[in-house]
Amino acid sequence: MIARAGQSKGGTTPGATAGSARASALPGAARRTVAGDAVVEGIGLHLGRPCRLVFKPAPSGTGIVFHRVDLPGTAPIPARVEVAVEAERRTQLGTGEAALHTVEHVLAAVGALEIDDLVIEMDGPEPPIMDGSAAPFVAALDAAGLTANAGRPEWLVLRKSIRVVDGDSVYEAHPCFGFGLDVTIDFPHPLIGEQRGRYMVTPGTFRRELAAARTFGFVHEVEALRAKGLIQGASTANAIVLDANGLVDTSLRWADEFVRHKALDCVGDLLLAGARVRARIVAHKPSHRGTVALVRALVQHAIKEPAVYTVEDILQVLPHRYPFLLVDRILEIDEGKRIVGLKNVTINEPFFQGHFPGHPIMPGVLIIEAMAQVGGMLLMRTIEDPSSKVVYFLSLDNVKFRRPVKPGDQLRLELEVVQARGTMCKMKGIAYVDGQVVTEADMAAMVRDR
């Protein structure tokens with residue numbers, strides 16, 4: 001059962017998004033925690049024991065931390081790869097009596113909603129399995145609401161590609177402006193076979209495309225797994241079960257629900273990096289053990305940065321180059337809503353050689369171009385391969401130039417989405433220097449194949 005503390009308990013539906021509007025209204029550069037307690041109760045998948053899980057707000061800098069309240073005096077366990085241990089069919093943190101088992105669905109919900117600071121209290125060794133997906137945890141977090149914390153989130157930024165092989169699991173990780181997943185699975189069953197899913201993971205896409213995908217297993221494995229003490233709490237109510245002929249006592253939410261769930265598991269295991277991941281992950285036959293090995297490699301090879309996008313990131317996304325790249329840094333991104341970028345204006349700009357020499361003023365059309373490039377970064381954020389796309393601006397309206405921009409000024413470019421439909425959107429842009437408006441414009445743009 002799921003309930004927000006202080007409210008009556010009630011059911012939820014897969015992919016429920018109550019509270020998502022509050023979540024998306026948060027500043028893109030803010031750390032996040034929950035606004036209040038949220039409770040989820042049920043039995044665990046593998047150990048079959050009841051557990052009451054409580055999501056609780058945490059101060060900035062706490063990170064994601066588990067606390068076993070049924071074991072007084074037990075130290076909190078951070079959701080970090082350093083404490084992950086090898087375990088069959090699940091992700092396990094810690095060892096001995098205080099260990100936490102099968103935490104991947106909880107971590108997937110927390111990571112996908114971009115929560116940075118959170119205490120997760122449990123009165124048992126394993127979170128409730130609920131319906132076998134992450135949707136109940138997303139619904140609980142949405143019901144509690146998200147709120148901004150002090151400070152900025154950390155990102156794990158990959159600057160060069162890496163490859164990790166763990167048995168049959170093969171991973172590649174590539175630099176990316178956002179968090180992309182390209183997952184392939186292959187099972188010798190007529191309902192599965194080879195399936196592939198490609199996703200740009202944001203809070204919105206996770207809610208819509210991955211959160212409700214359920215774990216799955218096969219009838220012929222049940223006896224052997226239960227002999228090992230596993231799947232003690234499993235049933236057709238909390239897992240997709242398949243026999244040789246097809247589904248047992250259930251129906252699929254998507255025809256490719258199997259690969260979606262594997263992608264969900266990857267999202268959860270990647271949270272163990274201890275920061276928001278900025279990379280495109282290509283995973284062939286992923287496993288919990290393999291994804292944890294990938295996280296260890298990412299932590300070793302990637303760098304941690306605050307939530308800004310440097311010129312190196314911008315060059316991965318925009319096709320512009322000198323002298324027409326007019327964005328130096330992205331400070332904030334609020335998913336599908338708003339973006340803030342910077343352009344440093346120096347006397348070395350090539351256009352100052354011919355635009356009012358002796359009285360240099362930045363051409364107004366280039367201020368608009370800088371604004372458009374910042375808007376293009378917002379549109380390209382959810383595209384897995386930006387190099388295959390280009391943003392065309394279709395119209396400009398209500399353009400106003402309020403004051404000149406001169407060498408030494410720093411343009412702060414803020415754009416807000418007014419309307420979005422498919423690959424097209426309308427944005428309102430304002431450029432500031434020292435807090436004063438210098439330029440305003442309404443613009444429409446479209447993402448197209450190159």
# chains A, B, ... in the order shown; residues from 1 in each chain; ligands from 1
>>> closest_atom_pairs(of="region 269-294 of chain A", to="region 85-105 of chain A", cutoff="7 Å", atoms="only C-alpha atoms", output="Markdown table")
| residue | atom | partner | partner_atom | distance |
| --- | --- | --- | --- | --- |
| A:Asp269 | CA | A:Glu104 | CA | 6.0 |
| A:His288 | CA | A:Thr91 | CA | 6.0 |
| A:Arg289 | CA | A:Glu86 | CA | 6.3 |
>>> write_last_selection(atoms="N, CA and C atoms", output="CSV table (one decimal), in the first residue's frame")
chain,number,residue,atom,x,y,z
A,269,ASP,N,20.6,1.2,-10.9
A,269,ASP,CA,22.0,0.9,-10.6
A,269,ASP,C,23.0,2.0,-10.9
A,288,HIS,N,22.6,-6.8,-13.2
A,288,HIS,CA,23.0,-5.9,-12.1
A,288,HIS,C,24.5,-5.9,-11.8
A,289,ARG,N,25.1,-7.1,-11.9
A,289,ARG,CA,26.5,-7.2,-11.6
A,289,ARG,C,27.3,-6.4,-12.7
>>> closest_atom_pairs(of="region 69-167 of chain A", to="region 197-216 of chain A", cutoff="9 Å", atoms="only C-alpha atoms", output="JSON lines")
{"residue": "A:His105", "atom": "CA", "partner": "A:Ala211", "partner_atom": "CA", "distance": 8.9}
{"residue": "A:Ala108", "atom": "CA", "partner": "A:Ala211", "partner_atom": "CA", "distance": 8.2}
{"residue": "A:Ala109", "atom": "CA", "partner": "A:Ala211", "partner_atom": "CA", "distance": 7.3}
{"residue": "A:Gly111", "atom": "CA", "partner": "A:Pro203", "partner_atom": "CA", "distance": 8.8}
{"residue": "A:Ala112", "atom": "CA", "partner": "A:Pro203", "partner_atom": "CA", "distance": 5.3}
{"residue": "A:Leu113", "atom": "CA", "partner": "A:Pro203", "partner_atom": "CA", "distance": 4.8}
{"residue": "A:Glu114", "atom": "CA", "partner": "A:Pro203", "partner_atom": "CA", "distance": 7.1}
{"residue": "A:Asp131", "atom": "CA", "partner": "A:Arg214", "partner_atom": "CA", "distance": 7.0}
{"residue": "A:Gly132", "atom": "CA", "partner": "A:Arg214", "partner_atom": "CA", "distance": 4.7}
{"residue": "A:Ser133", "atom": "CA", "partner": "A:Arg214", "partner_atom": "CA", "distance": 4.3}
{"residue": "A:Ala134", "atom": "CA", "partner": "A:Ala211", "partner_atom": "CA", "distance": 4.9}
{"residue": "A:Ala135", "atom": "CA", "partner": "A:Ala211", "partner_atom": "CA", "distance": 4.8}
{"residue": "A:Pro136", "atom": "CA", "partner": "A:Ala212", "partner_atom": "CA", "distance": 8.3}
{"residue": "A:Phe137", "atom": "CA", "partner": "A:Ala211", "partner_atom": "CA", "distance": 8.9}
{"residue": "A:Val138", "atom": "CA", "partner": "A:Ala211", "partner_atom": "CA", "distance": 7.4}
>>> residues_around(residues="region 325-339 of chain A", least_positions_apart="4", cutoff="6 Å", atoms="only C-alpha atoms", output="list in words")
Gly28, Ala29, Val308, Tyr309, Thr310, Val311, His320, Arg321, Lys343, Ala370, Glu414, Leu415, Glu416 and Val417 of chain A
>>> write_last_selection(atoms="C-alpha atoms", output="compact mmCIF listing (two decimals), in the first residue's frame")
# COMPACT_ATOMS: atom_id res chain seq x y z
CA GLY A 28 16.95 23.10 -12.99
CA ALA A 29 20.19 23.87 -11.16
CA VAL A 308 26.53 23.64 -15.45
CA TYR A 309 27.24 22.84 -19.09
CA THR A 310 30.65 23.97 -20.25
CA VAL A 311 31.74 24.88 -23.76
CA HIS A 320 28.17 26.20 -34.66
CA ARG A 321 31.89 26.95 -34.56
CA LYS A 343 27.82 34.79 -23.43
CA ALA A 370 23.05 33.91 -29.09
CA GLU A 414 17.01 33.35 -20.36
CA LEU A 415 14.51 31.48 -22.51
CA GLU A 416 11.17 30.03 -21.45
CA VAL A 417 9.01 27.65 -23.47
>>> residues_around(residues="Pro175 (chain A)", least_positions_apart="3", cutoff="8 Å", atoms="only C-alpha atoms", output="list in words")
Val157, Leu158, Arg159, Lys160, Ser161, Arg278, Ala279 and Arg280 of chain A
>>> closest_residue(among="A:Glu154, A:Asp409, A:Asp70, A:Glu440", to="Leu271 (chain A)", atoms="only C-alpha atoms")
A:Glu154
>>> atom_distance(atom1="CA of Gln300 (chain A)", atom2="CA of His261 (chain A)")
26.9 Å
>>> select_by_dssp(residues="region 190-338 of chain A", states="strand (DSSP E)", output="ChimeraX atom specification")
/A:193-200,216-218,240-242,276-284,303-306,329-334,338
>>> write_last_selection(atoms="N, CA and C atoms", output="CSV table (one decimal), in the first residue's frame")
chain,number,residue,atom,x,y,z
A,193,GLY,N,12.6,-12.7,-27.2
A,193,GLY,CA,13.6,-12.7,-28.3
A,193,GLY,C,14.5,-11.6,-28.1
A,194,GLU,N,14.9,-10.9,-29.2
A,194,GLU,CA,15.7,-9.7,-29.1
A,194,GLU,C,14.9,-8.5,-29.1
A,195,GLN,N,15.1,-7.7,-28.1
A,195,GLN,CA,14.3,-6.4,-28.0
A,195,GLN,C,15.4,-5.3,-27.7
A,196,ARG,N,15.1,-4.1,-28.3
A,196,ARG,CA,16.0,-3.0,-28.1
A,196,ARG,C,15.1,-1.7,-27.7
A,197,GLY,N,15.6,-1.0,-26.8
A,197,GLY,CA,14.9,0.3,-26.4
A,197,GLY,C,16.0,1.4,-26.3
A,198,ARG,N,15.6,2.6,-26.8
A,198,ARG,CA,16.5,3.7,-26.7
A,198,ARG,C,15.7,4.9,-26.1
A,199,TYR,N,16.3,5.4,-25.0
A,199,TYR,CA,15.6,6.4,-24.2
A,199,TYR,C,16.5,7.6,-23.8
A,200,MET,N,16.0,8.8,-23.8
A,200,MET,CA,16.7,9.9,-23.1
A,200,MET,C,16.0,10.0,-21.8
A,216,PHE,N,10.5,-9.6,-14.5
A,216,PHE,CA,10.0,-10.8,-15.1
A,216,PHE,C,10.8,-12.0,-14.8
A,217,GLY,N,10.2,-13.2,-14.9
A,217,GLY,CA,11.0,-14.4,-14.7
A,217,GLY,C,10.2,-15.6,-15.4
A,218,PHE,N,10.9,-16.8,-15.3
A,218,PHE,CA,10.4,-17.9,-16.0
A,218,PHE,C,10.0,-19.1,-15.0
A,240,ILE,N,6.1,-10.4,-14.0
A,240,ILE,CA,5.6,-11.0,-15.3
A,240,ILE,C,6.2,-12.4,-15.2
A,241,VAL,N,5.4,-13.4,-15.2
A,241,VAL,CA,5.8,-14.8,-15.2
A,241,VAL,C,5.5,-15.5,-16.5
A,242,LEU,N,6.5,-16.1,-17.1
A,242,LEU,CA,6.3,-16.8,-18.4
A,242,LEU,C,6.6,-18.3,-18.3
A,276,ARG,N,24.4,12.7,-10.6
A,276,ARG,CA,23.6,12.6,-11.8
A,276,ARG,C,24.6,12.3,-13.0
A,277,VAL,N,24.2,11.2,-13.7
A,277,VAL,CA,25.1,10.8,-14.8
A,277,VAL,C,24.8,11.5,-16.1
A,278,ARG,N,25.8,12.0,-16.7
A,278,ARG,CA,25.7,12.7,-18.0
A,278,ARG,C,26.5,11.8,-19.0
A,279,ALA,N,25.8,10.9,-19.7
A,279,ALA,CA,26.5,10.0,-20.6
A,279,ALA,C,25.4,9.3,-21.4
A,280,ARG,N,25.8,8.7,-22.5
A,280,ARG,CA,25.0,7.8,-23.3
A,280,ARG,C,25.5,6.4,-23.1
A,281,ILE,N,24.6,5.6,-22.5
A,281,ILE,CA,25.0,4.2,-22.1
A,281,ILE,C,24.4,3.2,-23.1
A,282,VAL,N,25.2,2.5,-23.8
A,282,VAL,CA,24.8,1.4,-24.7
A,282,VAL,C,25.0,0.1,-23.9
A,283,ALA,N,23.9,-0.6,-23.6
A,283,ALA,CA,24.0,-1.8,-22.8
A,283,ALA,C,23.5,-3.0,-23.6
A,284,HIS,N,24.3,-4.0,-23.8
A,284,HIS,CA,23.9,-5.3,-24.4
A,284,HIS,C,23.8,-6.4,-23.4
A,303,ILE,N,34.5,12.7,-14.5
A,303,ILE,CA,34.8,13.7,-13.6
A,303,ILE,C,33.5,14.3,-13.0
A,304,LYS,N,33.5,14.8,-11.8
A,304,LYS,CA,32.4,15.4,-11.2
A,304,LYS,C,32.4,16.9,-11.4
A,305,GLU,N,31.2,17.4,-11.8
A,305,GLU,CA,31.1,18.9,-12.0
A,305,GLU,C,29.8,19.3,-11.4
A,306,PRO,N,29.7,20.6,-11.0
A,306,PRO,CA,28.4,21.2,-10.7
A,306,PRO,C,27.5,21.2,-11.9
A,329,ARG,N,28.4,29.1,-21.8
A,329,ARG,CA,28.1,28.2,-20.7
A,329,ARG,C,26.6,28.2,-20.5
A,330,ILE,N,26.0,27.0,-20.1
A,330,ILE,CA,24.6,26.9,-19.7
A,330,ILE,C,24.6,26.7,-18.2
A,331,LEU,N,23.9,27.6,-17.5
A,331,LEU,CA,23.8,27.6,-16.1
A,331,LEU,C,22.7,26.8,-15.5
A,332,GLU,N,21.5,26.8,-16.2
A,332,GLU,CA,20.3,26.1,-15.6
A,332,GLU,C,19.5,25.5,-16.8
A,333,ILE,N,19.0,24.4,-16.5
A,333,ILE,CA,18.0,23.8,-17.4
A,333,ILE,C,16.9,23.2,-16.6
A,334,ASP,N,15.7,23.6,-16.9
A,334,ASP,CA,14.5,23.0,-16.3
A,334,ASP,C,13.8,22.3,-17.4
A,338,ARG,N,12.6,25.8,-19.3
A,338,ARG,CA,13.4,27.0,-19.2
A,338,ARG,C,14.9,26.7,-19.3
>>> closest_residue(among="A:Ala307, A:Val219, A:Met371, A:Ala444", to="Trp155 (chain A)", atoms="only C-alpha atoms")
A:Ala307
>>> closest_residue(among="A:Met443, A:Ile185, A:Val292, A:Ala58", to="Arg80 (chain A)", atoms="only C-alpha atoms")
A:Val292
>>> decode(residues="region 294-350 of chain A", atoms="C-alpha atoms", output="mmCIF file, in the first residue's frame")
data_model
loop_
_atom_site.group_PDB
_atom_site.id
_atom_site.type_symbol
_atom_site.label_atom_id
_atom_site.label_comp_id
_atom_site.auth_asym_id
_atom_site.auth_seq_id
_atom_site.Cartn_x
_atom_site.Cartn_y
_atom_site.Cartn_z
ATOM 1 C CA LEU A 294 30.121 -0.087 -15.371
ATOM 2 C CA VAL A 295 29.438 2.361 -12.525
ATOM 3 C CA ARG A 296 32.846 1.566 -11.007
ATOM 4 C CA ALA A 297 34.461 2.353 -14.367
ATOM 5 C CA LEU A 298 32.457 5.568 -14.738
ATOM 6 C CA VAL A 299 33.510 6.759 -11.302
ATOM 7 C CA GLN A 300 37.119 6.038 -12.242
ATOM 8 C CA HIS A 301 37.113 7.699 -15.675
ATOM 9 C CA ALA A 302 34.511 10.470 -15.430
ATOM 10 C CA ILE A 303 34.778 13.746 -13.575
ATOM 11 C CA LYS A 304 32.357 15.386 -11.163
ATOM 12 C CA GLU A 305 31.108 18.862 -11.978
ATOM 13 C CA PRO A 306 28.426 21.194 -10.658
ATOM 14 C CA ALA A 307 25.243 21.422 -12.675
ATOM 15 C CA VAL A 308 26.530 23.635 -15.454
ATOM 16 C CA TYR A 309 27.241 22.843 -19.095
ATOM 17 C CA THR A 310 30.655 23.974 -20.249
ATOM 18 C CA VAL A 311 31.740 24.879 -23.757
ATOM 19 C CA GLU A 312 32.938 21.267 -24.214
ATOM 20 C CA ASP A 313 29.347 20.087 -23.704
ATOM 21 C CA ILE A 314 27.951 22.801 -25.957
ATOM 22 C CA LEU A 315 30.293 21.773 -28.779
ATOM 23 C CA GLN A 316 28.832 18.235 -28.593
ATOM 24 C CA VAL A 317 25.346 19.589 -29.234
ATOM 25 C CA LEU A 318 25.452 22.691 -31.412
ATOM 26 C CA PRO A 319 26.900 22.612 -34.952
ATOM 27 C CA HIS A 320 28.168 26.201 -34.656
ATOM 28 C CA ARG A 321 31.893 26.947 -34.558
ATOM 29 C CA TYR A 322 34.073 30.068 -34.473
ATOM 30 C CA PRO A 323 33.150 32.779 -35.159
ATOM 31 C CA PHE A 324 29.472 31.832 -34.837
ATOM 32 C CA LEU A 325 29.365 29.898 -31.575
ATOM 33 C CA LEU A 326 27.863 32.530 -29.288
ATOM 34 C CA VAL A 327 27.257 30.554 -26.076
ATOM 35 C CA ASP A 328 29.950 30.008 -23.444
ATOM 36 C CA ARG A 329 28.069 28.218 -20.677
ATOM 37 C CA ILE A 330 24.644 26.864 -19.708
ATOM 38 C CA LEU A 331 23.818 27.627 -16.078
ATOM 39 C CA GLU A 332 20.347 26.135 -15.649
ATOM 40 C CA ILE A 333 18.016 23.770 -17.444
ATOM 41 C CA ASP A 334 14.494 23.037 -16.276
ATOM 42 C CA GLU A 335 13.231 20.071 -18.288
ATOM 43 C CA GLY A 336 11.230 21.278 -21.260
ATOM 44 C CA LYS A 337 10.507 24.600 -19.568
ATOM 45 C CA ARG A 338 13.393 27.020 -19.201
ATOM 46 C CA ILE A 339 17.103 27.479 -19.847
ATOM 47 C CA VAL A 340 19.710 30.052 -18.829
ATOM 48 C CA GLY A 341 22.976 30.584 -20.713
ATOM 49 C CA LEU A 342 25.933 32.980 -20.687
ATOM 50 C CA LYS A 343 27.815 34.787 -23.435
ATOM 51 C CA ASN A 344 30.961 36.687 -22.475
ATOM 52 C CA VAL A 345 31.457 39.662 -24.792
ATOM 53 C CA THR A 346 35.108 40.644 -25.296
ATOM 54 C CA ILE A 347 36.911 43.169 -27.486
ATOM 55 C CA ASN A 348 38.409 40.200 -29.359
ATOM 56 C CA GLU A 349 35.053 39.349 -30.979
ATOM 57 C CA PRO A 350 35.574 39.430 -34.765
#
